[in-house]
file structure07.cif (mmCIF, C-alpha atoms)
data_final
#
loop_
_atom_site.label_atom_id
_atom_site.label_comp_id
_atom_site.auth_asym_id
_atom_site.auth_seq_id
_atom_site.Cartn_x
_atom_site.Cartn_y
_atom_site.Cartn_z
CA VAL A 1 -7.42 5.88 6.99
CA GLY A 2 -9.58 3.21 8.55
CA PRO A 3 -10.82 -0.11 7.18
CA ASP A 4 -13.84 1.78 5.76
CA PHE A 5 -11.43 3.93 3.70
CA LEU A 6 -12.42 7.08 5.60
CA LEU A 7 -9.91 9.45 7.19
CA ASN A 8 -10.02 9.49 10.99
CA ARG A 9 -8.27 11.76 13.49
CA SER A 10 -5.99 9.39 15.41
CA LEU A 11 -3.07 11.12 17.15
CA ALA A 12 -3.75 14.84 16.79
CA GLU A 13 -5.89 17.23 18.78
CA GLU A 14 -5.92 19.89 16.07
CA ILE A 15 -4.61 20.22 12.50
CA THR A 16 -4.87 23.76 11.18
CA PRO A 17 -3.71 25.17 7.81
CA ASN A 18 -3.12 28.78 6.88
CA ALA A 19 -5.11 30.40 4.09
CA THR A 20 -2.58 29.50 1.39
CA LEU A 21 -2.08 25.85 2.49
CA ASP A 22 1.69 26.20 2.69
CA GLN A 23 1.76 26.10 6.48
CA TRP A 24 0.06 23.58 8.79
CA ASP A 25 0.04 23.49 12.59
CA VAL A 26 -0.37 20.11 14.30
CA ARG A 27 -1.25 20.03 18.00
CA LEU A 28 -0.80 16.74 19.85
CA PRO A 29 -3.01 15.64 22.78
CA ALA A 30 -1.76 16.02 26.33
CA GLY A 31 -0.67 12.97 28.28
CA VAL A 32 0.15 10.57 25.43
CA GLU A 33 2.76 8.11 26.67
CA PHE A 34 5.21 6.01 24.69
CA HIS A 35 5.65 2.37 25.64
CA ASN A 36 8.88 3.25 27.47
CA GLY A 37 7.13 5.84 29.67
CA LYS A 38 8.30 8.92 27.75
CA THR A 39 5.65 11.60 27.11
CA LEU A 40 4.93 12.39 23.46
CA THR A 41 6.12 15.87 22.48
CA ALA A 42 6.47 18.03 19.41
CA GLU A 43 10.14 17.06 19.22
CA ASP A 44 9.15 13.40 18.75
CA LEU A 45 6.87 14.24 15.84
CA MET A 46 9.60 16.28 14.16
CA PHE A 47 12.13 13.49 14.75
CA THR A 48 9.75 10.99 13.14
CA VAL A 49 9.37 13.13 10.00
CA ARG A 50 13.12 13.76 9.74
CA ARG A 51 13.76 10.02 10.06
CA ILE A 52 11.34 9.23 7.22
CA LEU A 53 12.84 11.93 4.99
CA ASP A 54 16.48 11.11 5.72
CA PRO A 55 18.08 11.32 2.24
CA LYS A 56 20.66 8.69 3.21
CA SER A 57 17.98 6.16 4.12
CA PRO A 58 14.51 7.39 3.12
CA GLY A 59 11.52 5.62 4.60
CA TYR A 60 8.74 3.89 2.68
CA ALA A 61 6.59 7.01 3.09
CA ALA A 62 9.22 9.51 1.95
CA GLY A 63 7.32 10.22 -1.27
CA GLN A 64 4.19 11.00 0.73
CA LEU A 65 5.95 13.63 2.82
CA ALA A 66 8.15 15.17 0.14
CA PHE A 67 6.23 18.45 0.52
CA VAL A 68 7.65 19.08 4.02
CA ASP A 69 10.42 21.68 4.29
CA LEU A 70 12.62 20.12 6.97
CA ASP A 71 14.62 23.33 7.43
CA ASN A 72 11.47 25.21 8.40
CA MET A 73 9.77 22.71 10.71
CA THR A 74 9.53 24.14 14.24
CA ALA A 75 8.04 23.38 17.64
CA LEU A 76 5.75 26.22 18.75
CA ASP A 77 5.43 24.66 22.19
CA GLU A 78 5.69 21.23 23.84
CA ARG A 79 2.76 19.84 21.86
CA THR A 80 2.55 21.89 18.65
CA VAL A 81 4.57 21.57 15.45
CA ARG A 82 4.45 24.12 12.65
CA PHE A 83 5.12 22.58 9.25
CA LYS A 84 6.16 25.08 6.62
CA LEU A 85 5.90 23.46 3.23
CA LYS A 86 7.86 23.76 0.02
CA ALA A 87 4.64 24.69 -1.77
CA PRO A 88 0.91 24.78 -0.98
CA PHE A 89 -0.33 21.27 -0.23
CA ALA A 90 -3.99 20.35 0.13
CA PHE A 91 -3.50 16.67 1.06
CA PHE A 92 -1.59 17.24 4.30
CA GLU A 93 -3.89 15.21 6.56
CA LEU A 94 -4.34 12.41 4.04
CA ALA A 95 -0.59 12.15 3.46
CA PHE A 96 0.02 11.66 7.17
CA GLY A 97 -2.96 9.36 7.63
CA ASP A 98 -2.79 7.01 4.66
CA GLY A 99 -0.66 3.93 4.26
CA GLY A 100 -0.21 2.91 7.88
CA VAL A 101 3.55 3.40 7.72
CA MET A 102 4.06 6.53 9.81
CA GLY A 103 3.68 5.64 13.46
CA VAL A 104 5.21 8.36 15.63
CA VAL A 105 8.42 7.28 17.41
CA PRO A 106 10.39 9.01 20.20
CA THR A 107 13.60 10.99 19.76
CA ASP A 108 15.59 8.16 21.37
CA PHE A 109 14.12 5.53 19.04
CA SER A 110 16.35 2.73 17.79
CA LEU A 111 15.83 -0.67 16.23
CA ASP A 112 16.94 -2.15 19.55
CA ASN A 113 14.23 -0.22 21.38
CA LEU A 114 11.02 -0.56 19.38
CA VAL A 115 8.42 1.66 21.04
CA GLY A 116 5.43 3.65 19.87
CA THR A 117 2.23 5.09 21.35
CA GLY A 118 -0.23 2.37 20.30
CA PRO A 119 -2.56 0.19 22.37
CA TYR A 120 -0.08 -2.70 22.46
CA LYS A 121 3.63 -2.76 23.14
CA ILE A 122 6.25 -5.35 22.26
CA LYS A 123 7.04 -7.96 24.87
CA SER A 124 9.41 -10.00 22.72
CA ILE A 125 10.41 -10.63 19.11
CA THR A 126 11.81 -13.82 17.66
CA PRO A 127 12.72 -12.81 14.08
CA GLY A 128 10.94 -14.87 11.47
CA GLN A 129 8.86 -16.68 14.09
CA GLN A 130 6.71 -14.54 16.34
CA ILE A 131 6.04 -11.21 18.02
CA GLU A 132 4.47 -11.04 21.48
CA LEU A 133 2.45 -7.91 22.21
CA VAL A 134 1.00 -6.92 25.57
CA ARG A 135 -1.53 -4.26 26.40
CA HIS A 136 -0.12 -0.77 26.97
CA GLU A 137 -1.77 -0.03 30.28
CA ASN A 138 -1.19 3.72 29.96
CA TYR A 139 -2.57 3.94 26.40
CA TRP A 140 -4.20 7.33 26.03
CA GLY A 141 -7.15 6.14 23.92
CA ASP A 142 -9.86 3.53 24.50
CA ARG A 143 -8.51 0.66 26.56
CA PRO A 144 -7.85 -2.40 24.34
CA ILE A 145 -9.86 -5.47 25.30
CA LEU A 146 -7.29 -8.24 24.87
CA ASP A 147 -4.48 -8.60 27.41
CA GLU A 148 -2.03 -10.05 24.91
CA VAL A 149 -1.66 -10.74 21.19
CA VAL A 150 0.86 -13.17 19.72
CA ALA A 151 1.56 -12.76 15.99
CA LEU A 152 2.99 -15.94 14.49
CA ASN A 153 4.83 -16.21 11.19
CA PHE A 154 4.03 -19.25 9.05
CA LYS A 155 6.01 -19.94 5.91
CA ASP A 156 3.33 -22.33 4.66
CA ASP A 157 -0.32 -21.34 4.19
CA PHE A 158 -1.56 -24.89 4.68
CA ALA A 159 0.11 -24.88 8.09
CA ARG A 160 -1.67 -21.62 8.93
CA VAL A 161 -5.07 -23.00 7.97
CA ASN A 162 -4.47 -26.24 9.85
CA ALA A 163 -3.41 -24.26 12.93
CA LEU A 164 -6.69 -22.32 12.74
CA ILE A 165 -8.75 -25.48 12.34
CA GLY A 166 -6.86 -27.12 15.20
CA GLY A 167 -7.31 -24.17 17.53
CA GLN A 168 -3.61 -23.27 17.78
CA ILE A 169 -4.37 -19.79 16.41
CA ASP A 170 -7.52 -17.69 16.66
CA ALA A 171 -7.36 -15.66 13.47
CA MET A 172 -5.42 -15.17 10.24
CA ASN A 173 -5.40 -12.45 7.64
CA GLN A 174 -4.71 -12.76 3.91
CA LEU A 175 -6.07 -16.28 3.61
CA PRO A 176 -5.21 -17.49 0.09
CA LEU A 177 -8.40 -17.34 -1.93
CA SER A 178 -7.75 -20.83 -3.23
CA MET A 179 -8.14 -22.13 0.34
CA LEU A 180 -11.58 -20.68 1.05
CA LYS A 181 -13.21 -24.01 0.25
CA MET A 182 -11.14 -25.73 2.95
CA LEU A 183 -13.08 -23.75 5.54
CA GLU A 184 -16.55 -23.87 4.00
CA GLY A 185 -19.22 -25.48 6.15
CA ARG A 186 -17.24 -25.38 9.38
CA GLU A 187 -19.24 -24.25 12.42
CA ASP A 188 -16.20 -23.20 14.44
CA VAL A 189 -14.49 -21.01 11.82
CA SER A 190 -15.76 -17.97 9.91
CA THR A 191 -14.39 -16.22 6.85
CA LEU A 192 -14.84 -12.63 5.72
CA LEU A 193 -14.24 -11.40 2.18
CA SER A 194 -13.49 -7.71 1.62
CA ASP A 195 -13.51 -5.74 -1.61
CA THR A 196 -10.16 -3.99 -1.71
CA GLY A 197 -7.87 -1.70 -3.59
CA LEU A 198 -4.93 -4.07 -3.14
CA PHE A 199 -2.42 -3.15 -5.81
CA ASN A 200 0.04 -5.90 -6.72
CA PRO A 201 1.15 -4.76 -10.17
CA PHE A 202 3.66 -6.13 -12.62
CA SER A 203 6.13 -3.35 -13.34
CA MET A 204 7.52 -2.70 -16.81
CA ARG A 205 10.51 -0.35 -16.73
CA VAL A 206 9.92 2.56 -19.07
CA ASP A 207 13.49 3.89 -19.05
CA GLU A 208 15.44 0.97 -20.51
CA GLY A 209 15.12 -2.58 -21.77
CA PRO A 210 12.32 -4.10 -23.86
CA PHE A 211 9.56 -2.00 -22.30
CA ALA A 212 11.16 1.39 -22.96
CA ASP A 213 9.06 1.37 -26.15
CA ASN A 214 5.51 2.26 -25.14
CA ARG A 215 4.16 0.14 -27.99
CA VAL A 216 5.53 -2.94 -26.26
CA ARG A 217 3.98 -1.90 -22.94
CA GLN A 218 0.63 -1.33 -24.58
CA ALA A 219 0.88 -4.66 -26.41
CA PHE A 220 1.38 -6.49 -23.12
CA ARG A 221 -1.60 -4.71 -21.63
CA LEU A 222 -3.80 -5.60 -24.61
CA MET A 223 -2.77 -9.27 -24.74
CA VAL A 224 -4.15 -9.95 -21.25
CA ASP A 225 -7.63 -11.42 -20.92
CA ARG A 226 -8.55 -9.83 -17.60
CA ASP A 227 -11.70 -11.88 -17.03
CA GLU A 228 -9.62 -15.03 -17.49
CA ALA A 229 -7.07 -13.73 -14.99
CA VAL A 230 -9.81 -13.06 -12.43
CA ALA A 231 -11.16 -16.58 -12.89
CA GLN A 232 -7.89 -18.51 -13.05
CA ALA A 233 -5.58 -16.62 -10.68
CA PHE A 234 -8.15 -15.61 -8.06
CA GLY A 235 -10.94 -18.16 -8.42
CA GLY A 236 -13.34 -15.36 -9.33
CA ASN A 237 -12.71 -13.54 -6.03
CA ALA A 238 -11.44 -10.36 -7.63
CA SER A 239 -12.61 -7.52 -9.84
CA VAL A 240 -11.14 -6.50 -13.18
CA CYS A 241 -8.39 -3.89 -13.06
CA ASN A 242 -7.33 -1.83 -16.05
CA ASP A 243 -3.78 -1.09 -14.87
CA LEU A 244 -4.82 1.84 -12.65
CA TYR A 245 -4.83 1.93 -8.87
CA SER A 246 -7.10 3.17 -6.04
CA PRO A 247 -10.58 1.95 -7.09
CA MET A 248 -12.01 2.95 -3.69
CA ASP A 249 -11.03 6.59 -4.23
CA PRO A 250 -13.86 8.92 -5.38
CA ASP A 251 -11.46 10.32 -8.00
CA TYR A 252 -10.77 6.90 -9.57
CA ASN A 253 -11.28 7.06 -13.34
CA GLY A 254 -13.46 4.02 -13.94
CA SER A 255 -14.18 5.09 -17.52
CA LEU A 256 -10.73 3.92 -18.64
CA MET A 257 -11.18 0.29 -19.65
CA ARG A 258 -8.91 -1.92 -21.72
CA SER A 259 -10.30 -4.66 -23.94
CA HIS A 260 -8.59 -7.96 -24.68
CA ASP A 261 -7.18 -7.43 -28.17
CA PRO A 262 -4.43 -9.94 -29.06
CA GLU A 263 -4.45 -8.94 -32.73
CA LYS A 264 -3.72 -5.31 -31.94
CA ALA A 265 -1.09 -6.47 -29.45
CA LYS A 266 0.67 -8.45 -32.19
CA ALA A 267 0.48 -5.47 -34.55
CA LEU A 268 2.05 -3.17 -31.96
CA LEU A 269 4.87 -5.64 -31.32
CA LYS A 270 5.52 -5.93 -35.06
CA GLU A 271 5.56 -2.15 -35.38
CA ALA A 272 8.06 -1.94 -32.51
CA GLY A 273 10.25 -4.66 -34.03
CA ALA A 274 9.56 -6.90 -31.03
CA GLU A 275 7.80 -9.85 -32.64
CA GLY A 276 8.63 -13.11 -30.92
CA MET A 277 10.31 -11.28 -28.03
CA GLU A 278 11.43 -13.13 -24.92
CA CYS A 279 11.61 -11.64 -21.40
CA THR A 280 11.75 -12.69 -17.77
CA LEU A 281 9.11 -11.80 -15.22
CA VAL A 282 10.49 -11.77 -11.68
CA VAL A 283 7.82 -12.69 -9.12
CA ALA A 284 7.46 -13.93 -5.54
CA PRO A 285 4.55 -15.41 -3.53
CA VAL A 286 4.15 -12.27 -1.43
CA ARG A 287 0.37 -12.20 -1.76
CA PHE A 288 -2.33 -14.57 -2.88
CA GLY A 289 -2.69 -14.78 -6.67
CA MET A 290 0.62 -13.08 -7.48
CA VAL A 291 2.39 -16.09 -8.92
CA GLU A 292 -0.82 -17.42 -10.45
CA ALA A 293 -1.45 -14.10 -12.21
CA ALA A 294 2.10 -14.19 -13.59
CA GLN A 295 1.43 -17.65 -14.99
CA VAL A 296 -1.78 -16.43 -16.65
CA ILE A 297 0.14 -13.57 -18.27
CA ALA A 298 2.86 -15.94 -19.48
CA ASN A 299 0.27 -18.27 -20.98
CA GLN A 300 -1.55 -15.46 -22.74
CA ALA A 301 1.73 -14.04 -24.04
CA SER A 302 2.52 -17.38 -25.67
CA LYS A 303 -0.67 -17.06 -27.73
CA ILE A 304 0.77 -14.03 -29.53
CA GLY A 305 4.22 -15.53 -29.98
CA VAL A 306 5.86 -13.94 -26.93
CA THR A 307 7.84 -15.93 -24.38
CA VAL A 308 7.59 -14.80 -20.75
CA ASN A 309 9.86 -16.81 -18.48
CA ILE A 310 8.85 -16.68 -14.82
CA LYS A 311 11.61 -16.40 -12.25
CA LYS A 312 10.16 -17.18 -8.83
CA LEU A 313 11.96 -15.68 -5.83
CA GLU A 314 11.45 -16.11 -2.10
CA ALA A 315 8.92 -13.72 -0.55
CA ALA A 316 11.67 -12.00 1.45
CA ALA A 317 13.21 -10.73 -1.80
CA SER A 318 10.34 -8.34 -2.55
CA ARG A 319 12.46 -5.20 -1.98
CA SER A 320 15.74 -6.64 -3.23
CA PRO A 321 17.77 -5.00 -6.02
CA GLU A 322 16.99 -7.99 -8.22
CA VAL A 323 13.33 -7.02 -8.07
CA LEU A 324 13.68 -3.24 -8.06
CA ASP A 325 16.12 -3.17 -10.99
CA SER A 326 14.48 -5.85 -13.14
CA PRO A 327 12.91 -4.79 -16.47
CA PHE A 328 9.79 -6.82 -15.61
CA SER A 329 8.98 -7.42 -11.95
CA PHE A 330 6.24 -7.07 -9.35
CA GLY A 331 5.09 -4.44 -6.88
CA LEU A 332 3.30 -4.64 -3.56
CA PHE A 333 0.96 -1.97 -2.18
CA PRO A 334 -2.11 -1.92 0.09
CA GLY A 335 -5.25 -0.16 -1.01
CA LEU A 336 -4.50 3.55 -0.72
CA SER A 337 -6.06 6.80 -1.89
CA TYR A 338 -5.08 7.92 -5.38
CA HIS A 339 -2.86 10.85 -4.41
CA THR A 340 -1.03 8.84 -1.75
CA MET A 341 -0.46 5.87 -4.04
CA CYS A 342 0.81 8.20 -6.72
CA ALA A 343 3.21 9.85 -4.26
CA ILE A 344 4.57 6.47 -3.17
CA SER A 345 4.58 4.43 -6.36
CA ASP A 346 5.09 6.25 -9.66
CA GLY A 347 4.71 9.94 -8.89
CA PRO A 348 7.46 12.51 -9.46
CA TYR A 349 8.81 12.30 -5.89
CA SER A 350 8.46 8.57 -5.27
CA THR A 351 11.34 6.60 -3.78
CA LEU A 352 9.75 3.29 -4.90
CA ASN A 353 9.22 3.96 -8.60
CA SER A 354 9.92 0.47 -9.94
CA THR A 355 8.67 1.39 -13.43
CA ARG A 356 10.80 4.58 -13.55
CA PHE A 357 7.77 6.33 -14.98
CA ALA A 358 8.38 10.04 -15.58
CA ASP A 359 6.28 12.43 -17.62
CA ASP A 360 6.45 16.22 -17.68
CA GLU A 361 2.71 16.78 -17.98
CA PHE A 362 2.03 14.24 -15.23
CA LYS A 363 4.49 15.98 -12.89
CA SER A 364 2.93 19.36 -13.63
CA LEU A 365 -0.54 18.00 -12.89
CA PHE A 366 0.65 16.31 -9.70
CA ASP A 367 2.05 19.61 -8.43
CA GLN A 368 -1.12 21.41 -9.52
CA VAL A 369 -3.52 19.01 -7.81
CA SER A 370 -1.38 18.97 -4.66
CA ALA A 371 -1.93 22.70 -4.25
CA GLU A 372 -5.60 22.81 -5.27
CA PRO A 373 -7.90 23.47 -2.27
CA ASP A 374 -11.17 22.68 -4.06
CA ALA A 375 -12.07 18.96 -4.24
CA GLY A 376 -14.23 19.53 -7.32
CA ASN A 377 -11.34 21.08 -9.21
CA ARG A 378 -8.99 18.32 -8.08
CA HIS A 379 -11.27 15.67 -9.56
CA GLY A 380 -10.76 16.72 -13.18
CA ILE A 381 -7.00 17.03 -12.73
CA MET A 382 -6.70 13.52 -11.29
CA GLN A 383 -8.88 12.13 -14.06
CA ARG A 384 -6.38 13.51 -16.57
CA MET A 385 -3.44 12.13 -14.58
CA GLN A 386 -4.93 8.66 -14.84
CA GLU A 387 -5.39 9.07 -18.59
CA ILE A 388 -1.65 9.68 -18.88
CA GLN A 389 -0.87 6.62 -16.77
CA PHE A 390 -3.32 4.57 -18.82
CA ASP A 391 -1.67 5.63 -22.08
CA LYS A 392 2.00 5.78 -21.08
CA GLY A 393 2.51 4.17 -17.67
CA GLY A 394 4.49 1.08 -16.77
CA TYR A 395 2.07 -0.92 -14.64
CA LEU A 396 0.31 -4.07 -15.79
CA LEU A 397 -2.39 -5.30 -13.43
CA PRO A 398 -5.38 -7.42 -14.50
CA ALA A 399 -7.27 -7.70 -11.20
CA PHE A 400 -7.99 -6.23 -7.79
CA PRO A 401 -8.14 -9.29 -5.49
CA LYS A 402 -10.53 -9.56 -2.63
CA ALA A 403 -8.98 -10.09 0.79
CA ALA A 404 -10.01 -12.96 3.01
CA ASP A 405 -9.83 -13.15 6.80
CA ALA A 406 -10.44 -16.43 8.63
CA PHE A 407 -11.08 -16.61 12.36
CA SER A 408 -12.51 -18.67 15.15
CA ASP A 409 -16.11 -17.96 16.08
CA ARG A 410 -14.70 -16.82 19.44
CA VAL A 411 -13.16 -13.77 17.78
CA LYS A 412 -15.33 -10.66 17.70
CA GLY A 413 -14.76 -7.29 16.07
CA VAL A 414 -13.44 -8.28 12.63
CA VAL A 415 -14.83 -5.92 9.98
CA PRO A 416 -14.37 -5.59 6.19
CA ASP A 417 -11.13 -3.86 5.26
CA ALA A 418 -10.73 -1.97 1.99
CA SER A 419 -6.95 -1.70 2.41
CA GLY A 420 -6.59 -5.48 2.03
CA LEU A 421 -4.30 -5.77 5.06
CA GLY A 422 -6.99 -7.72 6.87
CA LEU A 423 -8.40 -8.19 10.38
CA GLY A 424 -9.88 -4.71 10.25
CA ARG A 425 -6.57 -3.21 9.13
CA CYS A 426 -4.86 -5.20 11.90
CA ARG A 427 -6.41 -3.03 14.61
CA PHE A 428 -5.98 -5.52 17.44
CA GLY A 429 -7.27 -3.01 19.97
CA VAL A 430 -10.87 -3.48 18.80
CA LEU A 431 -10.80 -7.31 18.72
CA SER A 432 -12.06 -9.49 21.53
CA LEU A 433 -12.60 -13.13 22.41
CA ALA A 434 -16.07 -14.38 23.37
#
call {"tool": "encode", "arguments": {"input": "structure07.cif", "output": "structure tokens"}}
result
Amino acid sequence: VGPDFLLNRSLAEEITPNATLDQWDVRLPAGVEFHNGKTLTAEDLMFTVRRILDPKSPGYAAGQLAFVDLDNMTALDERTVRFKLKAPFAFFELAFGDGGVMGVVPTDFSLDNLVGTGPYKIKSITPGQQIELVRHENYWGDRPILDEVVALNFKDDFARVNALIGGQIDAMNQLPLSMLKMLEGREDVSTLLSDTGLFNPFSMRVDEGPFADNRVRQAFRLMVDRDEAVAQAFGGNASVCNDLYSPMDPDYNGSLMRSHDPEKAKALLKEAGAEGMECTLVVAPVRFGMVEAAQVIANQASKIGVTVNIKKLEAAASRSPEVLDSPFSFGLFPGLSYHTMCAISDGPYSTLNSTRFADDEFKSLFDQVSAEPDAGNRHGIMQRMQEIQFDKGGYLLPAFPKAADAFSDRVKGVVPDASGLGLGRCRFGVLSLA
């Protein structure tokens, strides 16, 4: 999925399903070379999928590929893989193409030998500091323009902005929205705002703790003034979210809107025996507005007699057990299509279900829509799935933030990016320097 949110054919010559959608053949192009000189084969693609679906250490995308039957995945020839699936699956191409987390790796891949097939290869890595990338001269696609890209890690956003102003760096993604004004009026630096589906939710665990009672979850959703959150946490550079993800998806249910109703929120808490409750919201500054949005929620909770204590962690703790097991924590997802986000985040086969959401009707609908070949029929099913999430789910999210890129006027090729990752979905191969 590109920065325009459209699905593009990237590393496949052909993708062909059978009539019942429970078997898909993928044919790879000839002459694709890994960074270590190895030629891409069907065995590499199968190895990549097995690595992601390893039950001992599942990858981020394991939920996306849960439909693959590993015992019946075969190489038909050097460049063709036949995927036999556990059930008919209509989203095969989207599942492989969405998320940006499934680069194909060779059968001899290891963390000490980081190679792929992309336009740039790794020259050196200094953990926590920088990654040097150089052009892959034997890249099979369009030749990248830049000879070298150095990705620097800054722990402080002010330092990043000052480095851009001072010419030490050429571009930065995910500029904090609060810092846009620092760059206004400069002739040597440009900024680009993108509407996104960035999904940085606050997760309320539905299986145990104070939010196991759906009345409490709904009370928290009703107590939030979403317009105030957009203004205060994001400086107005966001759009209202009603706790559902994937606003760029044509199947997004925009009819589901939640009003600010503190009186009803108080009544629900009283009914649930949770008046005057106190809880801790675990949060980290992993993306712009995350901590600020938590503070807005805490302030609005206090107005209905609820105490929300904010526990701020380091950004590196975003996948730690303290976050994943907390009753009230945060999530972190790029803008993805609805079915993919569901598969990753709170669907029945997700490995990252921080809310522990589980619903029999929702699972049945997920399986049904996964096998439905007609897009028109899928639309109504996914609308109903979102109604269930709206009524029973565990996510609280008041806003979809815009994403801001900042770059020297020398940099060409930056385009709006709906995923929110920035710099045209970090496609360095299409960037150039004037």
call {"tool": "residues_around", "arguments": {"input": "structure07.cif", "residues": "A:His339", "least_positions_apart": "3", "cutoff": "9 Å", "atoms": "all atoms listed in the file", "output": "mmCIF file with C-alpha atoms, in the coordinates of the input"}}
result
data_model
loop_
_atom_site.group_PDB
_atom_site.id
_atom_site.type_symbol
_atom_site.label_atom_id
_atom_site.label_comp_id
_atom_site.auth_asym_id
_atom_site.auth_seq_id
_atom_site.Cartn_x
_atom_site.Cartn_y
_atom_site.Cartn_z
ATOM 1 C CA GLN A 64 4.190 11.000 0.730
ATOM 2 C CA PHE A 91 -3.500 16.670 1.060
ATOM 3 C CA LEU A 94 -4.340 12.410 4.040
ATOM 4 C CA ALA A 95 -0.590 12.150 3.460
ATOM 5 C CA SER A 246 -7.100 3.170 -6.040
ATOM 6 C CA LEU A 336 -4.500 3.550 -0.720
ATOM 7 C CA CYS A 342 0.810 8.200 -6.720
ATOM 8 C CA ALA A 343 3.210 9.850 -4.260
ATOM 9 C CA ILE A 344 4.570 6.470 -3.170
ATOM 10 C CA GLY A 347 4.710 9.940 -8.890
ATOM 11 C CA PHE A 366 0.650 16.310 -9.700
ATOM 12 C CA VAL A 369 -3.520 19.010 -7.810
ATOM 13 C CA SER A 370 -1.380 18.970 -4.660
ATOM 14 C CA MET A 382 -6.700 13.520 -11.290
#
call {"tool": "closest_residue", "arguments": {"input": "structure07.cif", "among": "A:Gly429, A:Pro119, A:Pro201, A:Gly393", "to": "A:Phe330", "atoms": "all atoms listed in the file"}}
result
A:Pro201
call {"tool": "closest_residue", "arguments": {"input": "structure07.cif", "among": "A:Pro348, A:Gly254, A:Gly185, A:Gly2", "to": "A:Gly63", "atoms": "only C-alpha atoms"}}
result
A:Pro348
call {"tool": "atom_distance", "arguments": {"input": "structure07.cif", "atom1": "atom CA of A:Val216", "atom2": "atom CA of A:Leu269"}}
result
5.8 Å
call {"tool": "residues_near_point", "arguments": {"input": "structure07.cif", "point": "(2.5, 1.2, -15.6)", "cutoff": "12 Å", "atoms": "only C-alpha atoms", "output": "PDB file with C-alpha atoms, in the frame of the given file"}}
result
ATOM      1  CA  PHE A 199      -2.420  -3.150  -5.810  1.00  0.00           C
ATOM      2  CA  ASN A 200       0.040  -5.900  -6.720  1.00  0.00           C
ATOM      3  CA  PRO A 201       1.150  -4.760 -10.170  1.00  0.00           C
ATOM      4  CA  PHE A 202       3.660  -6.130 -12.620  1.00  0.00           C
ATOM      5  CA  SER A 203       6.130  -3.350 -13.340  1.00  0.00           C
ATOM      6  CA  MET A 204       7.520  -2.700 -16.810  1.00  0.00           C
ATOM      7  CA  ARG A 205      10.510  -0.350 -16.730  1.00  0.00           C
ATOM      8  CA  VAL A 206       9.920   2.560 -19.070  1.00  0.00           C
ATOM      9  CA  ASP A 207      13.490   3.890 -19.050  1.00  0.00           C
ATOM     10  CA  PHE A 211       9.560  -2.000 -22.300  1.00  0.00           C
ATOM     11  CA  ALA A 212      11.160   1.390 -22.960  1.00  0.00           C
ATOM     12  CA  ASN A 214       5.510   2.260 -25.140  1.00  0.00           C
ATOM     13  CA  VAL A 216       5.530  -2.940 -26.260  1.00  0.00           C
ATOM     14  CA  ARG A 217       3.980  -1.900 -22.940  1.00  0.00           C
ATOM     15  CA  GLN A 218       0.630  -1.330 -24.580  1.00  0.00           C
ATOM     16  CA  PHE A 220       1.380  -6.490 -23.120  1.00  0.00           C
ATOM     17  CA  ARG A 221      -1.600  -4.710 -21.630  1.00  0.00           C
ATOM     18  CA  ASN A 242      -7.330  -1.830 -16.050  1.00  0.00           C
ATOM     19  CA  ASP A 243      -3.780  -1.090 -14.870  1.00  0.00           C
ATOM     20  CA  LEU A 244      -4.820   1.840 -12.650  1.00  0.00           C
ATOM     21  CA  TYR A 245      -4.830   1.930  -8.870  1.00  0.00           C
ATOM     22  CA  PHE A 328       9.790  -6.820 -15.610  1.00  0.00           C
ATOM     23  CA  SER A 329       8.980  -7.420 -11.950  1.00  0.00           C
ATOM     24  CA  PHE A 330       6.240  -7.070  -9.350  1.00  0.00           C
ATOM     25  CA  GLY A 331       5.090  -4.440  -6.880  1.00  0.00           C
ATOM     26  CA  CYS A 342       0.810   8.200  -6.720  1.00  0.00           C
ATOM     27  CA  SER A 345       4.580   4.430  -6.360  1.00  0.00           C
ATOM     28  CA  ASP A 346       5.090   6.250  -9.660  1.00  0.00           C
ATOM     29  CA  GLY A 347       4.710   9.940  -8.890  1.00  0.00           C
ATOM     30  CA  ASN A 353       9.220   3.960  -8.600  1.00  0.00           C
ATOM     31  CA  SER A 354       9.920   0.470  -9.940  1.00  0.00           C
ATOM     32  CA  THR A 355       8.670   1.390 -13.430  1.00  0.00           C
ATOM     33  CA  ARG A 356      10.800   4.580 -13.550  1.00  0.00           C
ATOM     34  CA  PHE A 357       7.770   6.330 -14.980  1.00  0.00           C
ATOM     35  CA  ALA A 358       8.380  10.040 -15.580  1.00  0.00           C
ATOM     36  CA  GLN A 386      -4.930   8.660 -14.840  1.00  0.00           C
ATOM     37  CA  GLU A 387      -5.390   9.070 -18.590  1.00  0.00           C
ATOM     38  CA  ILE A 388      -1.650   9.680 -18.880  1.00  0.00           C
ATOM     39  CA  GLN A 389      -0.870   6.620 -16.770  1.00  0.00           C
ATOM     40  CA  PHE A 390      -3.320   4.570 -18.820  1.00  0.00           C
ATOM     41  CA  ASP A 391      -1.670   5.630 -22.080  1.00  0.00           C
ATOM     42  CA  LYS A 392       2.000   5.780 -21.080  1.00  0.00           C
ATOM     43  CA  GLY A 393       2.510   4.170 -17.670  1.00  0.00           C
ATOM     44  CA  GLY A 394       4.490   1.080 -16.770  1.00  0.00           C
ATOM     45  CA  TYR A 395       2.070  -0.920 -14.640  1.00  0.00           C
ATOM     46  CA  LEU A 396       0.310  -4.070 -15.790  1.00  0.00           C
ATOM     47  CA  LEU A 397      -2.390  -5.300 -13.430  1.00  0.00           C
ATOM     48  CA  PRO A 398      -5.380  -7.420 -14.500  1.00  0.00           C
TER      49      PRO A 398
END
call {"tool": "closest_residue", "arguments": {"input": "structure07.cif", "among": "A:Ala159, A:Ala272, A:Val323, A:Ala284", "to": "A:Asp213", "atoms": "only C-alpha atoms"}}
result
A:Ala272
